[in-house]
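Trainee: This is run_9.cif, which holds mmCIF, C-alpha atoms:
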```cif
data_my_file
#
loop_
_atom_site.label_atom_id
_atom_site.label_comp_id
_atom_site.auth_asym_id
_atom_site.auth_seq_id
_atom_site.Cartn_x
_atom_site.Cartn_y
_atom_site.Cartn_z
CA MET L 63 11.40 38.12 -18.72
CA LYS L 64 12.09 35.08 -20.85
CA ARG L 65 15.01 34.08 -18.65
CA ALA L 66 12.90 34.50 -15.51
CA SER L 67 10.19 32.30 -16.98
CA VAL L 68 12.69 29.58 -17.81
CA VAL L 69 14.16 29.70 -14.31
CA ALA L 70 10.71 29.51 -12.74
CA MET L 71 9.70 26.60 -14.96
CA VAL L 72 12.89 24.66 -14.19
CA ALA L 73 12.44 25.26 -10.46
CA VAL L 74 8.88 23.99 -10.58
CA MET L 75 9.84 20.87 -12.51
CA VAL L 76 12.70 20.12 -10.10
CA MET L 77 10.34 20.48 -7.15
CA ALA L 78 7.84 18.14 -8.83
CA SER L 79 10.56 15.59 -9.50
CA GLY L 80 11.69 15.77 -5.87
CA ALA L 81 8.16 15.17 -4.64
CA ALA L 82 7.84 12.16 -6.93
CA LEU L 83 10.96 10.63 -5.45
CA ALA L 84 9.27 10.37 -2.08
CA ALA L 85 6.02 8.80 -3.27
CA PRO L 86 4.98 5.42 -4.69
CA VAL L 87 3.98 5.00 -8.32
CA GLY L 88 0.32 5.73 -9.01
CA GLY L 89 -1.96 3.03 -10.39
CA THR L 90 -3.71 -0.24 -9.53
CA PHE L 91 -1.53 -3.27 -8.82
CA ASP L 92 -3.05 -6.78 -8.66
CA SER L 93 -1.27 -10.03 -7.83
CA ARG L 94 -3.65 -11.89 -10.17
CA THR L 95 -2.07 -10.14 -13.14
CA ASP L 96 1.37 -9.28 -11.74
CA SER L 97 3.49 -12.16 -10.45
CA SER L 98 5.94 -9.79 -8.74
CA ILE L 99 3.38 -9.21 -5.96
CA VAL L 100 3.90 -11.67 -3.10
CA VAL L 101 0.91 -13.62 -1.74
CA GLY L 102 2.38 -17.01 -0.83
CA PRO L 103 2.91 -19.86 -0.48
CA TYR L 104 2.11 -19.88 3.21
CA ASP L 105 5.01 -20.87 5.45
CA LEU L 106 4.74 -20.67 9.24
CA GLN L 107 8.51 -20.49 9.72
CA THR L 108 9.43 -17.91 7.09
CA GLY L 109 6.04 -16.18 6.88
CA VAL L 110 6.07 -15.78 3.09
CA GLY L 111 2.32 -15.15 2.82
CA GLY L 112 -0.56 -15.56 5.21
CA PHE L 113 -3.47 -14.16 7.20
CA TRP L 114 -5.25 -14.69 10.49
CA GLU L 115 -8.92 -15.24 9.85
CA ASP L 116 -10.58 -15.24 13.28
CA CYS L 117 -8.59 -12.88 15.49
CA LEU L 118 -11.28 -10.19 15.63
CA ASP L 119 -13.27 -12.35 18.03
CA SER L 120 -10.30 -12.92 20.33
CA VAL L 121 -7.68 -10.16 20.31
CA GLY L 122 -9.21 -7.42 18.20
CA PHE L 123 -7.24 -7.39 14.96
CA PHE L 124 -6.86 -9.05 11.59
CA THR L 125 -3.46 -9.38 9.98
CA ALA L 126 -2.35 -10.33 6.47
CA TRP L 127 1.01 -10.24 4.75
CA GLY L 128 3.09 -11.05 1.70
CA HIS L 129 6.44 -10.95 3.46
CA PRO L 130 8.62 -8.99 3.07
CA GLN L 131 6.70 -6.97 0.49
CA TRP L 132 3.46 -5.88 2.15
CA ASN L 133 1.94 -6.10 5.60
CA ILE L 134 -1.49 -5.17 6.99
CA GLU L 135 -2.73 -4.95 10.57
CA ALA L 136 -6.40 -4.00 10.70
CA TRP L 137 -7.40 -3.12 14.25
CA HIS L 138 -10.83 -2.97 15.80
CA PRO L 139 -11.12 0.69 16.94
CA ASP L 140 -12.74 -0.34 20.24
CA TRP L 141 -9.58 -2.29 21.09
CA TYR L 142 -7.04 0.32 19.96
CA ASP L 143 -8.27 3.74 21.06
CA GLY L 144 -10.10 4.52 17.84
CA GLN L 145 -7.23 3.49 15.56
CA TYR L 146 -7.83 1.27 12.53
CA GLY L 147 -4.34 -0.13 12.05
CA TYR L 148 -1.55 0.32 9.55
CA ILE L 149 -0.24 -0.87 6.19
CA GLN L 150 3.31 -1.14 4.89
CA LEU L 151 4.33 -1.54 1.23
CA GLY L 152 7.87 -2.80 0.66
CA ASN L 153 10.02 -2.91 -2.49
CA TYR L 154 10.93 -6.61 -2.33
CA ASN L 155 10.78 -8.55 -5.63
CA ASN L 156 10.70 -5.33 -7.69
CA ALA L 157 7.31 -4.34 -6.33
CA PRO L 158 5.39 -2.49 -9.06
CA TRP L 159 4.43 0.41 -6.79
CA PHE L 160 8.12 1.42 -6.60
CA GLY L 161 9.53 3.61 -9.36
CA VAL L 162 13.10 3.63 -10.59
CA GLU L 163 13.63 6.94 -8.75
CA ALA L 164 12.84 5.38 -5.34
CA GLU L 165 16.40 4.23 -4.79
CA GLY L 166 17.20 3.96 -1.08
CA ILE L 167 13.55 3.68 0.03
CA THR L 168 12.72 0.21 1.31
CA SER L 169 9.05 0.69 2.22
CA TYR L 170 6.15 3.10 2.57
CA PHE L 171 4.12 3.21 5.78
CA GLY L 172 0.73 4.65 6.65
CA ASN L 173 -2.36 4.45 8.83
CA ILE L 174 -5.55 2.65 7.84
CA GLU L 175 -8.54 4.98 7.90
CA GLY L 176 -11.25 2.35 7.56
CA TRP L 177 -11.71 -1.30 6.59
CA THR L 178 -14.28 -4.08 6.22
CA LEU L 179 -13.88 -7.83 6.63
CA ASP L 180 -16.39 -10.11 4.94
CA ALA L 181 -15.99 -13.76 5.92
CA VAL L 182 -18.43 -16.54 5.02
CA TYR L 183 -17.83 -20.01 6.47
CA THR L 184 -19.31 -23.23 5.10
CA TYR L 185 -19.55 -25.99 7.71
CA GLY L 186 -19.95 -29.75 7.43
CA GLU L 187 -22.16 -32.08 9.43
CA ASN L 188 -19.60 -32.26 12.24
CA ASP L 189 -19.02 -28.49 12.33
CA GLU L 190 -15.80 -28.83 10.38
CA ILE L 191 -14.94 -25.92 8.09
CA LEU L 192 -15.46 -26.95 4.48
CA ASN L 193 -14.75 -23.54 2.97
CA LEU L 194 -13.94 -19.95 3.86
CA ASP L 195 -14.73 -17.07 1.50
CA LEU L 196 -12.99 -13.98 2.86
CA VAL L 197 -12.34 -10.44 1.61
CA LEU L 198 -10.54 -7.69 3.53
CA SER L 199 -10.73 -4.21 1.98
CA GLY L 200 -9.94 -0.73 3.19
CA THR L 201 -8.47 2.73 2.72
CA ALA L 202 -5.25 4.19 4.09
CA THR L 203 -2.93 7.16 3.84
CA LEU L 204 0.80 6.64 3.37
CA THR L 205 2.73 9.27 5.32
CA GLN L 206 6.23 7.89 5.91
CA ASN L 207 9.23 6.45 4.05
CA ASN L 208 11.52 3.80 5.44
CA THR L 209 15.15 3.76 4.35
CA GLY L 210 16.24 0.93 6.62
CA GLU L 211 15.54 -2.78 6.69
CA TYR L 212 11.93 -3.77 5.99
CA ASN L 213 9.62 -3.62 9.02
CA HIS L 214 12.08 -1.64 11.14
CA TRP L 215 10.60 1.50 12.60
CA ASN L 216 13.06 4.13 11.37
CA HIS L 217 10.54 6.00 9.25
CA THR L 218 10.79 9.60 8.07
CA PRO L 219 7.87 11.81 6.92
CA MET L 220 7.11 11.82 3.20
CA ASP L 221 7.05 15.09 1.25
CA ALA L 222 3.28 14.67 0.88
CA SER L 223 0.80 12.01 1.98
CA VAL L 224 -0.58 9.52 -0.57
CA ALA L 225 -4.04 7.93 -0.46
CA ILE L 226 -4.44 4.21 -1.24
CA THR L 227 -7.10 1.52 -1.26
CA PHE L 228 -6.35 -2.16 -0.74
CA GLU L 229 -8.01 -5.58 -0.89
CA MET L 230 -7.00 -9.10 0.05
CA GLY L 231 -9.03 -12.22 -0.72
CA PHE L 232 -9.12 -15.93 0.03
CA ASN L 233 -11.45 -18.76 -0.96
CA GLY L 234 -10.78 -22.32 0.13
CA ILE L 235 -10.18 -24.53 3.15
CA PRO L 236 -8.25 -22.59 5.82
CA ASP L 237 -5.59 -24.10 8.04
CA LYS L 238 -6.55 -25.10 11.56
CA GLY L 239 -6.30 -22.60 14.39
CA TYR L 240 -5.84 -18.91 13.91
CA ILE L 241 -3.78 -19.07 10.73
CA GLY L 242 -5.98 -19.03 7.66
CA GLY L 243 -3.35 -19.72 5.00
CA ALA L 244 -1.92 -17.74 2.10
CA PRO L 245 -4.05 -15.04 0.41
CA ASP L 246 -5.36 -15.83 -3.06
CA TYR L 247 -4.72 -12.25 -4.14
CA PHE L 248 -3.69 -8.80 -2.97
CA THR L 249 -4.45 -5.53 -4.76
CA VAL L 250 -3.56 -1.93 -3.98
CA THR L 251 -4.53 1.27 -5.78
CA VAL L 252 -2.23 4.25 -5.29
CA VAL L 253 -3.81 7.65 -5.97
CA PRO L 254 -1.32 10.03 -7.64
CA GLU L 255 0.25 12.46 -5.22
CA PRO L 256 -1.77 15.74 -5.21
CA ALA L 257 1.31 17.87 -4.59
CA THR L 258 3.13 16.37 -7.56
CA THR L 259 0.13 16.80 -9.84
CA GLY L 260 -0.24 20.43 -8.85
CA LEU L 261 3.42 21.20 -9.37
CA LEU L 262 3.41 19.61 -12.80
CA GLY L 263 0.41 21.75 -13.64
CA LEU L 264 2.32 24.87 -12.64
CA GLY L 265 5.20 23.73 -14.82
CA LEU L 266 2.88 23.46 -17.81
CA VAL L 267 1.53 26.94 -17.13
CA ALA L 268 5.06 28.34 -17.06
CA LEU L 269 5.87 26.59 -20.33
CA ALA L 270 2.72 27.96 -21.95
CA ARG L 271 3.56 31.50 -20.89
CA ARG L 272 7.05 31.15 -22.29
CA ARG L 273 5.69 30.02 -25.66
CA MET L 274 3.18 32.87 -25.73
CA LYS L 275 5.96 35.41 -25.22
CA ARG L 276 7.93 33.86 -28.07
CA ALA L 277 4.93 34.14 -30.43
#
```
Can the structure from this file be put into structure tokens for me?
Mentor:
Amino acid sequence: MKRASVVAMVAVMVMASGAALAAPVGGTFDSRTDSSIVVGPYDLQTGVGGFWEDCLDSVGFFTAWGHPQWNIEAWHPDWYDGQYGYIQLGNYNNAPWFGVEAEGITSYFGNIEGWTLDAVYTYGENDEILNLDLVLSGTATLTQNNTGEYNHWNHTPMDASVAITFEMGFNGIPDKGYIGGAPDYFTVTVVPEPATTGLLGLGLVALARRRMKRA
């Protein structure tokens, strides 16, 4: 019986470890306190960091990015058959949401389930924009891994889906036209993978039973 318990415990822990390999690290990651998170500077040619601040009125989506680390397309559901867009989290610049076990995975991809965009413009006497205070926030579920080059669509299903929340903010004078400039900050909160948590719990139960039998 002792040997069986050990085998069961090892199997559970291996399964938990395998699930963790396919998921991002849990926690809250904020560019205001972690310089490894890309937000800018804005560059039209290389697209280092940026956002489009008025596309919802014209083509039905808002986009923001810290290339090639993270990318958001928030769609108006009336324009895209009830879909709310997608988010991609890459591992560029040692992104903090990637663990050391995520070797070979270049990004995580998932669908946005809901989002809000709060934008307050301050205008001058000649209708020029003096300031834009903007916050994009939302929820999403990561469901796929990418093992190829960032932003290429060769994704494979993850072992288990992972829930996240995200927020991007800007306060200042935006660039002219559609492009608003580089985000001031980007944050993402990754909820620990339920499957991994459950498996670890089973592992602890197996260990407890083993110790009880020894007593």
Trainee: In terms of the shortest atom-to-atom distance over only C-alpha atoms, which of L:Asp221, L:Asp143, L:Glu229, L:Glu190 is closest to Thr178 (chain L)?
Mentor: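 Of L:Asp221, L:Asp143, L:Glu229, L:Glu190, the one nearest Thr178 (chain L), counting only C-alpha atoms, is L:Glu229.
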Trainee: May I ask for the distance between CA of Val87 (chain L) and CA of Pro254 (chain L), given in Å to one decimal place?
Mentor: 7.3 Å
Trainee: Measuring atom to atom with only C-alpha atoms, identify which of L:Phe171, L:Trp132, L:Tyr185, L:Trp114 is nearest to Asp237 (chain L).
Mentor: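 Counting only C-alpha atoms, the residue closest to Asp237 (chain L) is L:Trp114.
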Trainee: Rank L:Gly166, L:Gly210, L:Gly144, L:Gly152 by their smallest atom-to-atom distance to Trp127 (chain L), using all atoms listed in the file, and report the top residue only.
Mentor: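 Going through L:Gly166, L:Gly210, L:Gly144, L:Gly152 one by one, the smallest distance to Trp127 (chain L) is for L:Gly152.
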Trainee: With distances taken over all atoms listed in the file, which of L:Asn155, L:Leu196, L:Gly88, L:Tyr142 is nearest to Pro236 (chain L)?
Mentor: L:Leu196
Trainee: Can you list what the PyMOL selection byres ((chain L and resi 227) around 10) grabs from this structure, as a list in words?
Mentor: Thr90, Ile174, Glu175, Gly176, Trp177, Ser199, Gly200, Thr201, Ala202, Thr203, Ala225, Ile226, Phe228, Glu229, Thr249, Val250, Thr251, Val252 and Val253 of chain L
Trainee: Quick one: what's the axis-aligned box for region 126-142 of chain L, all listed atoms, 6 Å on every side, centre and edges in Å to one decimal, as JSON?
Mentor:
```
{"center_x": -2.1, "center_y": -5.2, "center_z": 10.8, "size_x": 33.4, "size_y": 23.7, "size_z": 32.6}
```
Trainee: Could you list the residues chosen by the PyMOL selection byres ((chain L and resi 167) around 8) in this structure as a PDB file with C-alpha atoms, in the coordinates of the input?
Mentor:
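Here's the written file result38.pdb:
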```pdb
ATOM      1  CA  ASN L 153      10.020  -2.910  -2.490  1.00  0.00           C
ATOM      2  CA  ALA L 164      12.840   5.380  -5.340  1.00  0.00           C
ATOM      3  CA  GLU L 165      16.400   4.230  -4.790  1.00  0.00           C
ATOM      4  CA  GLY L 166      17.200   3.960  -1.080  1.00  0.00           C
ATOM      5  CA  THR L 168      12.720   0.210   1.310  1.00  0.00           C
ATOM      6  CA  SER L 169       9.050   0.690   2.220  1.00  0.00           C
ATOM      7  CA  TYR L 170       6.150   3.100   2.570  1.00  0.00           C
ATOM      8  CA  ASN L 207       9.230   6.450   4.050  1.00  0.00           C
ATOM      9  CA  ASN L 208      11.520   3.800   5.440  1.00  0.00           C
ATOM     10  CA  THR L 209      15.150   3.760   4.350  1.00  0.00           C
ATOM     11  CA  GLY L 210      16.240   0.930   6.620  1.00  0.00           C
TER      12      GLY L 210
END
```
Trainee: Just so the selection is clear, what residues does the PyMOL selection byres ((chain L and resi 91-93) around 9) cover here, as a list in words?
Mentor: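 Applied to this file, the PyMOL selection byres ((chain L and resi 91-93) around 9) returns Gly89, Thr90, Arg94, Thr95, Asp96, Ser97, Ser98, Ile99, Val100, Val101, Pro158, Trp159, Asp246, Tyr247, Phe248, Thr249, Val250, Thr251 and Val252 of chain L.
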Trainee: So which one's closest to Leu204 (chain L), L:Asn188, L:Ile235, L:Gln131, L:Pro86? Using only C-alpha atoms, please.
Mentor: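 Nearest to Leu204 (chain L): L:Pro86.
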Trainee: When you draw a straight line from CA of Leu192 (chain L) to CA of Phe113 (chain L), how long is it in Å?
Mentor: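 Rounded to one decimal, the two atoms are 17.7 Å apart.
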Trainee: Because the input lacks atoms here, generate N, CA and C atoms for region 180-210 of chain L and report them as a PDB file, in the coordinates of the input.
Mentor:
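File written: part_21.pdb
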```pdb
ATOM      1  N   ASP L 180     -15.262  -9.241   5.245  1.00  0.00           N
ATOM      2  CA  ASP L 180     -16.390 -10.110   4.940  1.00  0.00           C
ATOM      3  C   ASP L 180     -15.898 -11.547   4.917  1.00  0.00           C
ATOM      4  N   ALA L 181     -16.421 -12.362   5.829  1.00  0.00           N
ATOM      5  CA  ALA L 181     -15.990 -13.760   5.920  1.00  0.00           C
ATOM      6  C   ALA L 181     -17.220 -14.658   6.004  1.00  0.00           C
ATOM      7  N   VAL L 182     -17.311 -15.602   5.064  1.00  0.00           N
ATOM      8  CA  VAL L 182     -18.430 -16.540   5.020  1.00  0.00           C
ATOM      9  C   VAL L 182     -17.871 -17.955   5.156  1.00  0.00           C
ATOM     10  N   TYR L 183     -18.277 -18.643   6.223  1.00  0.00           N
ATOM     11  CA  TYR L 183     -17.830 -20.010   6.470  1.00  0.00           C
ATOM     12  C   TYR L 183     -18.889 -21.006   5.993  1.00  0.00           C
ATOM     13  N   THR L 184     -18.435 -22.106   5.436  1.00  0.00           N
ATOM     14  CA  THR L 184     -19.310 -23.230   5.100  1.00  0.00           C
ATOM     15  C   THR L 184     -18.895 -24.405   5.970  1.00  0.00           C
ATOM     16  N   TYR L 185     -19.847 -24.931   6.744  1.00  0.00           N
ATOM     17  CA  TYR L 185     -19.550 -25.990   7.710  1.00  0.00           C
ATOM     18  C   TYR L 185     -20.130 -27.327   7.262  1.00  0.00           C
ATOM     19  N   GLY L 186     -19.477 -28.404   7.692  1.00  0.00           N
ATOM     20  CA  GLY L 186     -19.950 -29.750   7.430  1.00  0.00           C
ATOM     21  C   GLY L 186     -20.859 -30.248   8.535  1.00  0.00           C
ATOM     22  N   GLU L 187     -21.243 -31.500   8.462  1.00  0.00           N
ATOM     23  CA  GLU L 187     -22.160 -32.080   9.430  1.00  0.00           C
ATOM     24  C   GLU L 187     -21.571 -32.130  10.835  1.00  0.00           C
ATOM     25  N   ASN L 188     -20.262 -32.202  10.940  1.00  0.00           N
ATOM     26  CA  ASN L 188     -19.600 -32.260  12.240  1.00  0.00           C
ATOM     27  C   ASN L 188     -18.954 -30.921  12.617  1.00  0.00           C
ATOM     28  N   ASP L 189     -19.500 -29.849  12.069  1.00  0.00           N
ATOM     29  CA  ASP L 189     -19.020 -28.490  12.330  1.00  0.00           C
ATOM     30  C   ASP L 189     -17.594 -28.240  11.842  1.00  0.00           C
ATOM     31  N   GLU L 190     -17.098 -29.096  10.972  1.00  0.00           N
ATOM     32  CA  GLU L 190     -15.800 -28.830  10.380  1.00  0.00           C
ATOM     33  C   GLU L 190     -15.950 -27.780   9.283  1.00  0.00           C
ATOM     34  N   ILE L 191     -14.912 -26.975   9.106  1.00  0.00           N
ATOM     35  CA  ILE L 191     -14.940 -25.920   8.090  1.00  0.00           C
ATOM     36  C   ILE L 191     -14.659 -26.538   6.728  1.00  0.00           C
ATOM     37  N   LEU L 192     -15.633 -26.445   5.844  1.00  0.00           N
ATOM     38  CA  LEU L 192     -15.460 -26.950   4.480  1.00  0.00           C
ATOM     39  C   LEU L 192     -14.921 -25.886   3.541  1.00  0.00           C
ATOM     40  N   ASN L 193     -15.217 -24.615   3.854  1.00  0.00           N
ATOM     41  CA  ASN L 193     -14.750 -23.540   2.970  1.00  0.00           C
ATOM     42  C   ASN L 193     -14.839 -22.207   3.707  1.00  0.00           C
ATOM     43  N   LEU L 194     -13.923 -21.320   3.360  1.00  0.00           N
ATOM     44  CA  LEU L 194     -13.940 -19.950   3.860  1.00  0.00           C
ATOM     45  C   LEU L 194     -13.806 -19.010   2.674  1.00  0.00           C
ATOM     46  N   ASP L 195     -14.769 -18.104   2.532  1.00  0.00           N
ATOM     47  CA  ASP L 195     -14.730 -17.070   1.500  1.00  0.00           C
ATOM     48  C   ASP L 195     -14.536 -15.745   2.220  1.00  0.00           C
ATOM     49  N   LEU L 196     -13.363 -15.140   2.050  1.00  0.00           N
ATOM     50  CA  LEU L 196     -12.990 -13.980   2.860  1.00  0.00           C
ATOM     51  C   LEU L 196     -12.449 -12.861   1.978  1.00  0.00           C
ATOM     52  N   VAL L 197     -12.873 -11.631   2.288  1.00  0.00           N
ATOM     53  CA  VAL L 197     -12.340 -10.440   1.610  1.00  0.00           C
ATOM     54  C   VAL L 197     -12.112  -9.351   2.643  1.00  0.00           C
ATOM     55  N   LEU L 198     -10.888  -8.846   2.703  1.00  0.00           N
ATOM     56  CA  LEU L 198     -10.540  -7.690   3.530  1.00  0.00           C
ATOM     57  C   LEU L 198     -10.286  -6.518   2.583  1.00  0.00           C
ATOM     58  N   SER L 199     -10.951  -5.395   2.815  1.00  0.00           N
ATOM     59  CA  SER L 199     -10.730  -4.210   1.980  1.00  0.00           C
ATOM     60  C   SER L 199     -10.700  -2.981   2.868  1.00  0.00           C
ATOM     61  N   GLY L 200     -10.015  -1.935   2.379  1.00  0.00           N
ATOM     62  CA  GLY L 200      -9.940  -0.730   3.190  1.00  0.00           C
ATOM     63  C   GLY L 200      -9.254   0.414   2.479  1.00  0.00           C
ATOM     64  N   THR L 201      -9.142   1.531   3.203  1.00  0.00           N
ATOM     65  CA  THR L 201      -8.470   2.730   2.720  1.00  0.00           C
ATOM     66  C   THR L 201      -7.391   3.116   3.722  1.00  0.00           C
ATOM     67  N   ALA L 202      -6.352   3.762   3.219  1.00  0.00           N
ATOM     68  CA  ALA L 202      -5.250   4.190   4.090  1.00  0.00           C
ATOM     69  C   ALA L 202      -4.568   5.394   3.488  1.00  0.00           C
ATOM     70  N   THR L 203      -3.731   6.034   4.297  1.00  0.00           N
ATOM     71  CA  THR L 203      -2.930   7.160   3.840  1.00  0.00           C
ATOM     72  C   THR L 203      -1.471   6.893   4.183  1.00  0.00           C
ATOM     73  N   LEU L 204      -0.626   6.825   3.162  1.00  0.00           N
ATOM     74  CA  LEU L 204       0.800   6.640   3.370  1.00  0.00           C
ATOM     75  C   LEU L 204       1.423   7.988   3.732  1.00  0.00           C
ATOM     76  N   THR L 205       2.178   8.013   4.824  1.00  0.00           N
ATOM     77  CA  THR L 205       2.730   9.270   5.320  1.00  0.00           C
ATOM     78  C   THR L 205       4.236   9.212   5.582  1.00  0.00           C
ATOM     79  N   GLN L 206       4.831   8.006   5.533  1.00  0.00           N
ATOM     80  CA  GLN L 206       6.230   7.890   5.910  1.00  0.00           C
ATOM     81  C   GLN L 206       7.008   6.989   4.949  1.00  0.00           C
ATOM     82  N   ASN L 207       8.294   7.296   4.776  1.00  0.00           N
ATOM     83  CA  ASN L 207       9.230   6.450   4.050  1.00  0.00           C
ATOM     84  C   ASN L 207      10.099   5.701   5.048  1.00  0.00           C
ATOM     85  N   ASN L 208      10.554   4.538   4.646  1.00  0.00           N
ATOM     86  CA  ASN L 208      11.520   3.800   5.440  1.00  0.00           C
ATOM     87  C   ASN L 208      12.755   3.566   4.582  1.00  0.00           C
ATOM     88  N   THR L 209      13.914   3.948   5.089  1.00  0.00           N
ATOM     89  CA  THR L 209      15.150   3.760   4.350  1.00  0.00           C
ATOM     90  C   THR L 209      16.021   2.677   4.961  1.00  0.00           C
ATOM     91  N   GLY L 210      15.505   2.009   5.987  1.00  0.00           N
ATOM     92  CA  GLY L 210      16.240   0.930   6.620  1.00  0.00           C
ATOM     93  C   GLY L 210      15.669  -0.418   6.235  1.00  0.00           C
TER      94      GLY L 210
END
```
